[in-house]
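target-v6.txt, holding compact mmCIF, C-alpha atoms:
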```txt
# COMPACT_ATOMS: atom_id res chain seq x y z
CA MET J 14 -48.97 22.31 -7.28
CA SER J 15 -47.94 19.49 -5.00
CA PRO J 16 -45.15 20.06 -2.47
CA ARG J 17 -41.76 19.63 -4.07
CA ASP J 18 -39.76 16.50 -3.78
CA PRO J 19 -37.01 17.16 -1.16
CA ASP J 20 -34.39 15.88 -3.62
CA GLU J 21 -35.51 18.49 -6.12
CA THR J 22 -35.42 21.26 -3.54
CA GLU J 23 -31.90 20.21 -2.65
CA LEU J 24 -30.80 20.05 -6.27
CA ALA J 25 -32.20 23.53 -6.88
CA ALA J 26 -30.33 24.85 -3.82
CA ALA J 27 -27.07 23.38 -5.09
CA ARG J 28 -27.51 25.60 -8.15
CA SER J 29 -28.68 28.87 -6.66
CA SER J 30 -27.12 30.87 -3.86
CA GLN J 31 -30.28 33.02 -3.64
CA PRO J 32 -31.70 32.38 -0.13
CA GLN J 33 -35.42 31.66 0.22
CA PRO J 34 -37.56 32.35 3.30
CA ASP J 35 -38.31 28.66 3.85
CA ASP J 36 -34.70 27.47 3.61
CA THR J 37 -33.85 24.85 6.21
CA PRO J 38 -30.31 24.93 7.68
CA ASP J 39 -29.34 22.07 5.35
CA ILE J 40 -30.67 23.92 2.33
CA ALA J 41 -28.78 27.06 3.37
CA LEU J 42 -25.58 24.97 3.60
CA THR J 43 -26.32 23.42 0.23
CA ARG J 44 -26.53 26.90 -1.31
CA ARG J 45 -23.10 27.69 0.13
CA LEU J 46 -21.75 24.40 -1.25
CA GLY J 47 -23.02 25.25 -4.70
CA ALA J 48 -21.58 28.74 -4.56
CA ALA J 49 -18.19 27.36 -3.49
CA ALA J 50 -18.32 24.64 -6.16
CA ARG J 51 -19.08 27.18 -8.89
CA ALA J 52 -16.26 29.44 -7.68
CA LEU J 53 -13.66 26.63 -7.70
CA SER J 54 -10.56 27.39 -9.67
CA SER J 55 -7.75 25.06 -10.60
CA ASP J 56 -5.76 26.76 -7.83
CA ASP J 57 -8.07 25.29 -5.22
CA LEU J 58 -7.16 21.80 -6.40
CA ARG J 59 -3.41 22.40 -6.16
CA LEU J 60 -2.48 22.41 -2.51
CA ASP J 61 0.78 23.84 -1.24
CA ASP J 62 3.50 21.39 -0.25
CA LEU J 63 4.41 21.06 3.39
CA PRO J 64 7.68 22.67 4.38
CA PRO J 65 10.22 20.40 6.07
CA GLY J 66 10.40 20.77 9.82
CA LEU J 67 6.82 21.94 10.29
CA TRP J 68 5.65 18.64 11.73
CA ASP J 69 8.61 18.55 14.12
CA ARG J 70 7.64 21.94 15.50
CA ILE J 71 4.02 20.89 15.92
CA GLU J 72 5.09 17.69 17.59
CA ALA J 73 7.34 19.68 19.90
CA GLY J 74 4.48 22.08 20.62
CA THR J 75 2.14 19.29 21.60
CA GLU J 76 4.56 16.59 22.60
CA ALA J 77 2.33 14.17 20.77
CA GLY J 78 4.10 11.02 19.72
CA THR J 79 6.56 11.22 22.56
CA THR J 80 4.07 11.37 25.39
CA THR J 81 3.44 8.71 27.96
CA ALA J 82 0.04 7.20 28.52
CA ALA J 83 -0.55 9.62 31.37
CA ASP J 84 -0.69 12.74 29.23
CA ALA J 85 -1.62 11.53 25.79
CA GLY J 86 -5.31 11.97 26.44
CA ALA J 87 -5.61 8.33 27.34
CA GLY J 88 -8.18 9.23 29.93
CA PRO J 89 -10.96 7.02 31.19
CA VAL J 90 -12.97 7.56 28.03
CA ALA J 91 -10.20 6.47 25.69
CA ASP J 92 -9.37 3.52 27.93
CA ALA J 93 -12.95 2.44 28.09
CA ALA J 94 -13.30 2.72 24.34
CA ALA J 95 -10.13 0.71 23.87
CA ALA J 96 -11.36 -1.92 26.29
CA ARG J 97 -14.66 -2.17 24.43
CA GLN J 98 -12.72 -2.49 21.21
CA ARG J 99 -10.65 -5.35 22.61
CA GLU J 100 -13.70 -7.02 24.01
CA ARG J 101 -15.44 -6.79 20.66
CA THR J 102 -12.63 -8.07 18.52
CA GLY J 103 -10.96 -10.30 21.04
CA GLU J 104 -7.70 -8.89 19.84
CA PRO J 105 -4.50 -9.20 21.82
CA ALA J 106 -3.56 -6.13 23.81
CA SER J 107 -0.35 -5.69 21.85
CA VAL J 108 -2.17 -4.81 18.66
CA VAL J 109 -2.91 -1.16 18.09
CA PRO J 110 -6.21 -0.01 16.70
CA ILE J 111 -5.67 3.29 14.90
CA GLY J 112 -4.89 6.05 17.33
CA ASP J 113 -5.14 3.93 20.41
CA ALA J 114 -3.37 4.77 23.61
CA PRO J 115 0.40 4.41 23.64
CA THR J 116 0.32 1.73 26.32
CA ARG J 117 -0.78 -0.61 23.57
CA ARG J 118 1.78 0.37 20.99
CA ARG J 119 3.29 -2.24 18.80
CA PRO J 120 6.10 -3.44 21.00
CA ALA J 121 9.56 -2.10 20.25
CA ARG J 122 8.95 -1.22 16.63
CA PRO J 123 8.81 2.51 15.95
CA ALA J 124 12.51 3.21 15.60
CA ARG J 125 13.13 0.21 13.44
CA ARG J 126 10.09 1.01 11.35
CA ARG J 127 11.23 4.54 10.68
CA ALA J 128 14.54 3.31 9.39
CA ALA J 129 12.84 0.64 7.32
CA TRP J 130 10.61 3.27 5.79
CA LEU J 131 13.48 5.36 4.62
CA ALA J 132 14.93 2.34 2.94
CA ALA J 133 11.54 1.54 1.48
CA ALA J 134 11.12 5.05 0.11
CA VAL J 135 14.42 4.76 -1.66
CA ALA J 136 13.56 1.31 -2.90
CA ALA J 137 10.06 2.24 -4.02
CA ALA J 138 11.01 2.19 -7.65
CA VAL J 139 11.97 -1.46 -7.55
CA VAL J 140 8.79 -2.58 -5.84
CA VAL J 141 7.43 -3.35 -9.27
CA LEU J 142 9.77 -6.29 -9.43
CA ALA J 143 8.46 -7.64 -6.16
CA GLY J 144 5.82 -9.74 -7.79
CA THR J 145 5.77 -13.02 -9.54
CA VAL J 146 8.63 -14.60 -7.61
CA ALA J 147 7.30 -15.28 -4.14
CA LEU J 148 4.37 -17.53 -4.86
CA ILE J 149 5.91 -19.60 -7.57
CA THR J 150 9.08 -20.45 -5.70
CA ARG J 151 7.50 -22.01 -2.68
CA ASP J 152 9.71 -25.08 -2.78
CA ASP J 153 10.43 -24.94 0.93
CA GLY J 154 7.44 -26.92 2.08
CA GLY J 155 5.34 -25.05 4.56
CA THR J 156 1.63 -25.42 5.20
CA THR J 157 -0.92 -23.13 3.62
CA LEU J 158 -3.27 -21.82 6.32
CA ALA J 159 -5.35 -19.28 4.40
CA GLU J 160 -5.54 -17.56 1.05
CA ALA J 161 -6.88 -14.28 -0.27
CA GLN J 162 -7.37 -12.76 -3.67
CA LEU J 163 -6.54 -9.04 -3.57
CA GLU J 164 -8.29 -6.78 -6.05
CA PRO J 165 -7.21 -3.25 -7.00
CA LEU J 166 -9.33 -0.51 -5.41
CA PRO J 167 -10.39 2.71 -7.15
CA SER J 168 -7.69 4.58 -5.24
CA ALA J 169 -4.98 2.33 -6.75
CA LEU J 170 -2.59 3.77 -9.30
CA PRO J 171 -3.26 2.85 -12.93
CA GLY J 172 -1.49 -0.37 -13.79
CA THR J 173 -2.07 -2.01 -10.42
CA GLY J 174 -2.83 -5.69 -10.93
CA PRO J 175 -4.67 -8.16 -8.71
CA ALA J 176 -2.56 -10.23 -6.34
CA ALA J 177 -2.79 -13.49 -4.46
CA ALA J 178 -1.88 -13.66 -0.77
CA THR J 179 -1.22 -16.84 1.16
CA VAL J 180 -0.59 -17.40 4.85
CA VAL J 181 2.03 -20.11 5.09
CA GLU J 182 3.49 -21.68 8.20
CA ARG J 183 7.14 -22.69 7.96
CA ASP J 184 8.95 -24.06 10.99
CA GLY J 185 6.34 -22.62 13.32
CA VAL J 186 6.56 -19.15 11.81
CA ARG J 187 3.62 -17.75 9.88
CA GLU J 188 4.33 -15.61 6.87
CA LEU J 189 2.13 -13.81 4.43
CA ASP J 190 3.32 -14.53 0.92
CA LEU J 191 2.21 -11.74 -1.33
CA ALA J 192 3.38 -11.07 -4.86
CA LEU J 193 2.57 -7.50 -5.78
CA ASP J 194 2.09 -6.22 -9.29
CA VAL J 195 2.08 -2.49 -8.72
CA PRO J 196 3.52 0.56 -10.47
CA ALA J 197 6.13 2.71 -8.75
CA THR J 198 4.82 5.44 -6.47
CA SER J 199 6.51 8.55 -5.13
CA GLY J 200 6.13 6.94 -1.71
CA PHE J 201 6.01 3.22 -1.00
CA TYR J 202 3.59 0.37 -0.49
CA GLU J 203 2.87 -1.08 2.94
CA VAL J 204 1.13 -4.33 3.84
CA TRP J 205 -1.49 -4.49 6.59
CA LEU J 206 -3.78 -7.02 8.26
CA ILE J 207 -7.04 -5.33 9.22
CA ASP J 208 -10.09 -6.42 11.16
CA GLU J 209 -13.45 -6.81 9.47
CA ASP J 210 -14.67 -3.43 10.68
CA ILE J 211 -11.63 -1.78 9.08
CA VAL J 212 -10.77 -0.30 12.45
CA GLY J 213 -7.99 -2.26 14.12
CA MET J 214 -4.94 -3.01 12.02
CA VAL J 215 -1.45 -4.45 12.17
CA SER J 216 1.32 -3.38 9.84
CA LEU J 217 3.41 -6.14 8.30
CA GLY J 218 5.79 -3.52 7.01
CA PRO J 219 6.74 -1.91 3.71
CA ALA J 220 6.53 -3.92 0.51
CA ARG J 221 9.42 -6.35 0.22
CA THR J 222 11.10 -7.65 -2.87
CA ASP J 223 11.00 -11.23 -1.54
CA GLY J 224 7.22 -10.95 -1.06
CA ARG J 225 7.34 -12.52 2.42
CA TYR J 226 5.90 -10.82 5.49
CA GLU J 227 6.27 -12.41 8.90
CA ILE J 228 3.08 -12.33 10.93
CA PRO J 229 3.77 -11.58 14.62
CA PRO J 230 2.90 -14.60 16.81
CA ASP J 231 0.20 -12.72 18.79
CA VAL J 232 -1.72 -11.70 15.72
CA ASP J 233 -4.71 -13.86 14.93
CA VAL J 234 -5.50 -13.79 11.22
CA ASP J 235 -9.11 -14.68 12.00
CA THR J 236 -9.38 -11.40 13.90
CA PHE J 237 -7.54 -9.51 11.17
CA PRO J 238 -8.60 -11.32 8.01
CA VAL J 239 -8.38 -8.39 5.60
CA VAL J 240 -5.12 -8.06 3.69
CA ASP J 241 -4.63 -4.45 2.63
CA VAL J 242 -1.85 -2.81 0.65
CA SER J 243 -1.61 0.94 1.20
CA ILE J 244 0.21 3.68 -0.62
CA GLU J 245 2.26 5.62 1.92
CA PRO J 246 4.00 8.93 1.40
CA PRO J 247 7.58 8.84 2.74
CA ASP J 248 6.77 11.33 5.50
CA GLY J 249 7.58 9.28 8.58
CA VAL J 250 3.96 9.20 9.72
CA PRO J 251 3.50 5.66 11.03
CA THR J 252 -0.24 5.27 10.46
CA HIS J 253 -2.18 3.97 7.49
CA SER J 254 -2.42 6.76 4.92
CA GLY J 255 -6.05 5.93 4.23
CA VAL J 256 -5.16 5.30 0.59
CA SER J 257 -5.38 1.62 -0.28
CA ALA J 258 -4.23 0.08 -3.53
CA LEU J 259 -5.42 -3.48 -3.00
CA ARG J 260 -7.60 -5.37 -0.62
CA GLY J 261 -8.86 -8.91 -0.10
CA THR J 262 -10.09 -11.19 2.66
CA LEU J 263 -8.35 -14.33 3.87
CA SER J 264 -10.34 -17.52 3.98
CA MET L 11 -20.47 -8.47 12.90
CA GLY L 12 -18.36 -6.68 10.35
CA ARG L 13 -19.34 -6.03 6.79
CA ASP L 14 -17.46 -7.88 4.12
CA PRO L 15 -14.86 -5.31 3.06
CA ASN L 16 -15.32 -6.41 -0.53
CA GLU L 17 -18.88 -5.20 -0.36
CA ILE L 18 -18.00 -1.78 1.00
CA GLU L 19 -18.55 0.86 -1.64
CA PRO L 20 -15.28 2.60 -2.41
CA ASP L 21 -16.67 6.02 -1.47
CA ASP L 22 -17.73 4.50 1.84
CA GLU L 23 -14.23 3.22 2.20
CA ARG L 24 -12.73 6.67 1.89
CA SER L 25 -15.19 8.13 4.33
CA ILE L 26 -14.45 5.19 6.63
CA ALA L 27 -10.81 6.24 6.59
CA ASP L 28 -11.84 9.80 7.48
CA ASN L 29 -14.28 8.60 10.12
CA GLU L 30 -11.56 6.46 11.65
CA LEU L 31 -9.33 9.47 11.79
CA GLU L 32 -12.02 11.55 13.49
CA ARG L 33 -12.54 8.84 16.07
CA ALA L 34 -8.81 8.53 16.69
CA PHE L 35 -8.51 12.29 17.01
CA THR L 36 -11.23 12.52 19.66
CA LYS L 37 -9.66 9.66 21.57
CA GLY L 38 -6.36 11.52 21.49
CA GLY L 39 -4.09 8.52 20.85
CA ASP L 40 -0.52 9.45 20.14
CA ASP L 41 -0.61 8.68 16.43
CA ALA L 42 -3.81 10.60 15.89
CA LEU L 43 -2.28 14.04 15.54
CA ALA L 44 0.33 12.75 13.10
CA ALA L 45 -2.38 11.11 11.01
CA THR L 46 -4.48 14.26 11.14
CA TYR L 47 -1.52 16.35 10.04
CA HIS L 48 -0.80 13.86 7.29
CA ARG L 49 -4.33 14.16 5.97
CA TYR L 50 -5.17 17.85 6.42
CA ALA L 51 -2.03 19.95 6.90
CA ARG L 52 -1.74 20.81 3.22
CA MET L 53 -5.26 22.19 3.19
CA VAL L 54 -4.61 24.30 6.29
CA LEU L 55 -1.27 25.53 4.92
CA SER L 56 -2.88 26.39 1.59
CA LEU L 57 -5.70 28.34 3.24
CA ALA L 58 -3.18 30.35 5.22
CA GLY L 59 -0.87 30.82 2.25
CA ARG L 60 -3.67 32.14 0.05
CA THR L 61 -4.98 34.59 2.62
CA VAL L 62 -2.21 35.88 4.89
CA GLY L 63 0.57 34.96 2.50
CA PRO L 64 3.22 32.27 2.34
CA GLU L 65 5.57 33.92 4.80
CA VAL L 66 3.10 33.65 7.71
CA ALA L 67 1.35 30.47 6.52
CA GLU L 68 3.72 28.07 8.18
CA GLU L 69 3.39 29.76 11.56
CA VAL L 70 -0.40 29.81 11.25
CA THR L 71 -0.46 26.10 10.34
CA GLN L 72 1.66 25.30 13.37
CA ASP L 73 -0.68 27.32 15.60
CA VAL L 74 -3.71 25.59 14.11
CA PHE L 75 -2.50 22.06 14.81
CA VAL L 76 -1.24 22.87 18.28
CA ALA L 77 -4.52 24.64 19.15
CA ALA L 78 -6.61 21.85 17.60
CA TRP L 79 -4.81 19.20 19.60
CA ARG L 80 -5.15 21.12 22.85
CA SER L 81 -8.86 21.62 22.36
CA ARG L 82 -9.58 18.23 20.81
CA GLU L 83 -12.24 17.51 23.46
CA ASN L 84 -14.27 20.26 21.81
CA PHE L 85 -14.33 18.47 18.48
CA ASP L 86 -17.65 16.69 18.05
CA PRO L 87 -18.02 14.54 14.92
CA ASP L 88 -21.79 14.91 15.23
CA ARG L 89 -21.50 18.64 14.63
CA GLY L 90 -19.27 18.60 11.58
CA SER L 91 -16.22 17.04 9.97
CA LEU L 92 -12.67 17.23 11.29
CA ALA L 93 -11.60 18.76 7.97
CA GLY L 94 -14.14 21.55 8.47
CA TRP L 95 -13.26 22.02 12.12
CA LEU L 96 -9.53 22.35 11.42
CA THR L 97 -10.20 24.71 8.55
CA GLY L 98 -12.45 26.73 10.86
CA ILE L 99 -9.68 27.05 13.44
CA ALA L 100 -7.36 28.06 10.62
CA ARG L 101 -9.86 30.68 9.48
CA HIS L 102 -9.82 32.30 12.93
CA LYS L 103 -6.03 32.25 13.12
CA VAL L 104 -5.83 33.76 9.66
CA THR L 105 -8.31 36.49 10.58
CA ASP L 106 -6.24 37.31 13.67
CA ALA L 107 -3.10 37.52 11.55
CA LEU L 108 -4.86 39.77 9.04
CA ARG L 109 -5.99 42.10 11.84
CA ARG L 110 -2.42 42.34 13.09
CA ASP L 111 -1.36 43.17 9.54
CA GLN L 112 -4.01 45.82 9.19
CA ARG L 113 -3.07 47.43 12.47
CA ALA L 114 0.51 47.55 11.26
CA ASP L 115 -0.68 48.99 7.94
CA ALA L 116 -2.76 51.58 9.77
CA ARG L 117 0.25 52.69 11.77
CA VAL L 118 2.21 53.06 8.56
CA GLU L 119 -0.65 55.09 7.11
CA ARG L 120 -0.78 57.43 10.10
CA ALA L 121 2.93 57.91 9.67
CA GLY L 122 2.09 59.34 6.26
CA ALA L 123 3.10 56.45 4.04
CA GLN L 124 0.85 54.90 1.41
CA ALA L 125 -0.77 51.77 2.74
CA ASP L 126 -2.77 49.39 0.67
CA LEU L 127 -5.57 48.45 3.07
CA VAL L 128 -7.40 45.63 1.39
CA PRO L 129 -10.42 44.19 3.21
CA ARG L 130 -9.29 40.62 2.82
CA ALA L 131 -11.17 39.01 5.72
CA PRO L 132 -14.44 38.09 3.92
CA GLU L 133 -12.38 36.37 1.28
CA VAL L 134 -11.02 33.99 3.93
CA ASP L 135 -14.41 32.29 4.32
CA HIS L 136 -14.70 31.80 0.61
CA VAL L 137 -11.23 30.31 0.25
CA ALA L 138 -11.95 27.97 3.19
CA GLU L 139 -15.21 26.80 1.64
CA ARG L 140 -13.63 26.29 -1.77
CA LEU L 141 -10.77 24.22 -0.35
CA LEU L 142 -13.20 22.07 1.64
CA VAL L 143 -15.44 21.50 -1.36
CA ALA L 144 -12.44 20.73 -3.58
CA ASP L 145 -11.16 18.18 -1.07
CA GLY L 146 -14.64 16.73 -0.61
CA LEU L 147 -15.14 16.33 -4.35
CA ALA L 148 -11.70 14.79 -4.76
CA ARG L 149 -12.65 12.11 -2.21
CA LEU L 150 -15.61 10.94 -4.26
CA ARG L 151 -15.43 7.99 -6.58
CA PRO L 152 -15.10 9.27 -10.17
CA GLU L 153 -18.54 8.02 -11.18
CA VAL L 154 -20.17 9.62 -8.14
CA ARG L 155 -18.23 12.79 -8.67
CA GLU L 156 -19.51 12.98 -12.22
CA VAL L 157 -23.08 12.98 -10.97
CA VAL L 158 -22.38 15.52 -8.21
CA GLU L 159 -20.71 17.81 -10.71
CA MET L 160 -23.83 17.67 -12.84
CA ALA L 161 -25.78 18.63 -9.72
CA PHE L 162 -23.62 21.71 -9.23
CA TYR L 163 -22.75 22.76 -12.74
CA SER L 164 -25.60 21.73 -15.01
CA ASP L 165 -29.31 22.44 -15.04
CA LEU L 166 -30.23 18.82 -15.74
CA THR L 167 -33.00 17.23 -13.69
CA HIS L 168 -32.39 13.99 -11.77
CA GLU L 169 -34.07 12.13 -14.62
CA GLN L 170 -31.85 13.77 -17.22
CA ILE L 171 -28.72 13.05 -15.16
CA ALA L 172 -29.81 9.42 -14.88
CA GLU L 173 -30.30 9.29 -18.62
CA ALA L 174 -27.00 11.01 -19.39
CA THR L 175 -25.07 8.61 -17.17
CA SER L 176 -27.18 5.50 -17.97
CA ARG L 177 -27.82 4.90 -14.30
CA PRO L 178 -31.04 4.16 -12.43
CA LEU L 179 -32.82 7.27 -11.17
CA GLY L 180 -32.73 5.98 -7.59
CA THR L 181 -28.95 5.55 -7.74
CA VAL L 182 -28.47 9.08 -9.05
CA LYS L 183 -30.73 10.54 -6.38
CA SER L 184 -29.07 8.69 -3.53
CA GLN L 185 -25.57 9.50 -4.82
CA ILE L 186 -26.39 13.20 -4.93
CA ARG L 187 -28.17 13.16 -1.57
CA ARG L 188 -25.36 11.32 0.21
CA SER L 189 -22.58 13.34 -1.37
CA LEU L 190 -24.20 16.67 -0.56
CA SER L 191 -24.72 15.50 3.00
CA THR L 192 -21.03 14.54 3.28
CA LEU L 193 -19.99 17.90 1.84
CA ARG L 194 -22.30 19.81 4.19
CA ARG L 195 -20.54 18.23 7.17
CA HIS L 196 -17.41 20.12 6.14
CA LEU L 197 -19.21 23.46 6.26
CA GLU L 198 -20.82 22.51 9.58
CA GLY L 199 -17.37 21.82 11.01
CA LEU L 200 -16.16 25.13 9.63
CA ASP L 201 -19.02 26.97 11.32
CA VAL L 202 -18.64 25.41 14.77
CA ALA L 203 -14.85 25.64 15.05
CA PRO L 204 -13.63 27.73 18.00
```
Kindly present the structure from the file in structure tokens form.
Amino acid sequence: MSPRDPDETELAAARSSQPQPDDTPDIALTRRLGAAARALSSDDLRLDDLPPGLWDRIEAGTEAGTTTAADAGAGPVADAAAARQRERTGEPASVVPIGDAPTRRRPARPARRRAAWLAAAVAAAVVVLAGTVALITRDDGGTTLAEAQLEPLPSALPGTGPAAATVVERDGVRELDLALDVPATSGFYEVWLIDEDIVGMVSLGPARTDGRYEIPPDVDVDTFPVVDVSIEPPDGVPTHSGVSALRGTLS
Amino acid sequence: MGRDPNEIEPDDERSIADNELERAFTKGGDDALAATYHRYARMVLSLAGRTVGPEVAEEVTQDVFVAAWRSRENFDPDRGSLAGWLTGIARHKVTDALRRDQRADARVERAGAQADLVPRAPEVDHVAERLLVADGLARLRPEVREVVEMAFYSDLTHEQIAEATSRPLGTVKSQIRRSLSTLRRHLEGLDVAP
């Protein structure tokens, strides 16, 4: 008999927790995966909800989020990585790649953003109405600089429709016009401009009923050409949730 | 040169989000812990709740995230996933809490009372592995998940899975191979956690 196809060996291991003498470490892990998968109960899929106040205690225990650059682990390695990142993308220093050092925070936004989020969470149910208006009623002149067609992603809620986004300059101010057609969520939607590597990103804020998002002057849409709409839980965590409803690229 | 995001497979996209988080965590930026909590705290809390019980779970979860943040230099994405690593830290904290419980139970027993000494520790590993696999499966695209579930729960060959799902054999094989590899990273993280 010829030696077994590695894919077949792996598939067999996923189905039997019986160890064999010639098991590689990966095959041994695959047996454990299979055993865990077969033992799954519906309980394992229902995770417990987080109690209020837990995050605050963790934050207090680590002082993360309130630290200065000196003690937030922004050591030489992080700085060097951040510098490489800037070099690569040519992004302005005021734009924060995910988890970057606090010296490059979005300027003067956190407090205002938190408040805006609360409002957005409350208003989430009316986001549905956000659509349709913005693009049609552009009777105020303005120059179209770029356009994107946003398509629903698999992580979108059922009923999410495609959307058109346009970068328009009006009186020297650039805005992203984006009419969303999305179902209500228990959280809220947030609009982002992201770089092509899906690493650095700039928030344009929670979904708005007027469908207009001002783009900060320092932000170059060529560097951040991807328009992304995320679904955010109303938990006060200011980063992208990792769950995107829609995405498209400006051109 | 970046890839066109429209061409990124959706399951890639989800793992990109997790990879981003792992990178941010190792860099230690000030949003990274919040994002990590956001993504994984429910899993850690659930592991603790189902092993040491809900009354201690919150305290354990707090200890896990504080400890994880303080020892974040020890997290190495090449040796396992952040989900696995956090769950592994949680497993150790849970085991410690169980030992404290058992010592307390033993004292009660010596005092002549009936104590129900259940050897719960081995169960901790199994709960941890189940929660990691459940989370890993939930992150897969539905059509990939379907194939991976056939890998775990059926006795169909690759060819039969391809036939049942009307997909090319090569696609089925690579979907299973990649998904199992992603899932194994969780167990690797679990095993190396301090």
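Straight-line separation from atom CA of Asp201 of chain L to atom CA of Gly98 of chain L: 6.6 Å.
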>> Could you work out which residues of chain L fall inside 6 Å of chain J? Count only C-alpha atoms, and format the result as a PyMOL selection string.
In response: chain L and resi 12+27+34+37-42+52+56+72+76+139-141+162
> In Å, how far is it from atom CA of Asp88 of chain L to atom CA of Arg195 of chain L?
Replying inline: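 Between atom CA of Asp88 of chain L and atom CA of Arg195 of chain L the gap is 8.8 Å.
Counting all atoms listed in the file and comparing L:His168, L:His48, L:Pro152, L:Val104, the residue that lies closest to Arg60 of chain L is L:Val104.
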>> When you count all atoms listed in the file, which of these residues is closest to Leu96 of chain L: L:Gly199, L:Ile186, L:Ala161, L:Val70?
In response: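 Between L:Gly199, L:Ile186, L:Ala161, L:Val70, the residue approaching Leu96 of chain L most closely is L:Gly199.
Rounded to one decimal, atom CA of Thr22 of chain J and atom CA of Thr175 of chain L lie 21.3 Å from each other.
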>> List the spatial neighbours of Gly174 of chain J as number ranges by chain - criterion: any atom at most 10 Å away, only C-alpha atoms, same-chain residues fewer than 6 positions off excluded.
In response: J: 163-166, 193-196, 258-259
> Between J:Ala159, J:Val180, J:Ala169, J:Val215, which is the closest to Ser243 of chain J once you count only C-alpha atoms?
Replying inline: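 That would be J:Ala169, the residue with the smallest distance to Ser243 of chain J.
Distance annotation: of L:Val157, L:Leu190, L:Gly63, L:Ala58, the residue with the minimal separation from Ala174 of chain L is L:Val157; atom set is all atoms listed in the file.
The nearest approach to Tyr50 of chain L among the residues L:Ser81, L:Thr167, L:Ser189, L:Thr97, with only C-alpha atoms taken into account, belongs to L:Thr97.
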> Of the candidates L:Arg177, L:Arg151, L:Arg33, L:Lys183, which shows the shortest atom-to-atom distance to Ser91 of chain L, using all atoms listed in the file?
Replying inline: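 Under the stated criterion, the closest residue is L:Arg33.
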Output segment 100-113 of chain L with N, CA and C atoms present, as a short mmCIF file (atom, residue, chain, number, x, y, z; two decimals), keeping the file's coordinate frame.
```
data_model
loop_
_atom_site.label_atom_id
_atom_site.label_comp_id
_atom_site.auth_asym_id
_atom_site.auth_seq_id
_atom_site.Cartn_x
_atom_site.Cartn_y
_atom_site.Cartn_z
N ALA L 100 -8.31 27.34 11.47
CA ALA L 100 -7.36 28.06 10.62
C ALA L 100 -7.94 29.42 10.20
N ARG L 101 -9.22 29.44 9.90
CA ARG L 101 -9.86 30.68 9.48
C ARG L 101 -9.72 31.74 10.58
N HIS L 102 -9.93 31.33 11.83
CA HIS L 102 -9.82 32.30 12.93
C HIS L 102 -8.38 32.79 13.10
N LYS L 103 -7.45 31.86 12.98
CA LYS L 103 -6.03 32.25 13.12
C LYS L 103 -5.64 33.20 11.99
N VAL L 104 -6.13 32.91 10.81
CA VAL L 104 -5.83 33.76 9.66
C VAL L 104 -6.42 35.16 9.87
N THR L 105 -7.66 35.20 10.35
CA THR L 105 -8.31 36.49 10.58
C THR L 105 -7.52 37.31 11.61
N ASP L 106 -7.07 36.63 12.66
CA ASP L 106 -6.24 37.31 13.67
C ASP L 106 -4.98 37.89 13.03
N ALA L 107 -4.35 37.07 12.19
CA ALA L 107 -3.10 37.52 11.55
C ALA L 107 -3.37 38.70 10.62
N LEU L 108 -4.51 38.66 9.94
CA LEU L 108 -4.86 39.77 9.04
C LEU L 108 -5.09 41.05 9.84
N ARG L 109 -5.75 40.92 11.00
CA ARG L 109 -5.99 42.10 11.84
C ARG L 109 -4.67 42.69 12.29
N ARG L 110 -3.74 41.83 12.68
CA ARG L 110 -2.42 42.34 13.09
C ARG L 110 -1.78 43.11 11.94
N ASP L 111 -1.90 42.52 10.74
CA ASP L 111 -1.36 43.17 9.54
C ASP L 111 -1.98 44.53 9.33
N GLN L 112 -3.31 44.56 9.48
CA GLN L 112 -4.01 45.82 9.19
C GLN L 112 -3.65 46.88 10.21
N ARG L 113 -3.49 46.46 11.46
CA ARG L 113 -3.07 47.43 12.47
C ARG L 113 -1.69 47.99 12.11
#
```
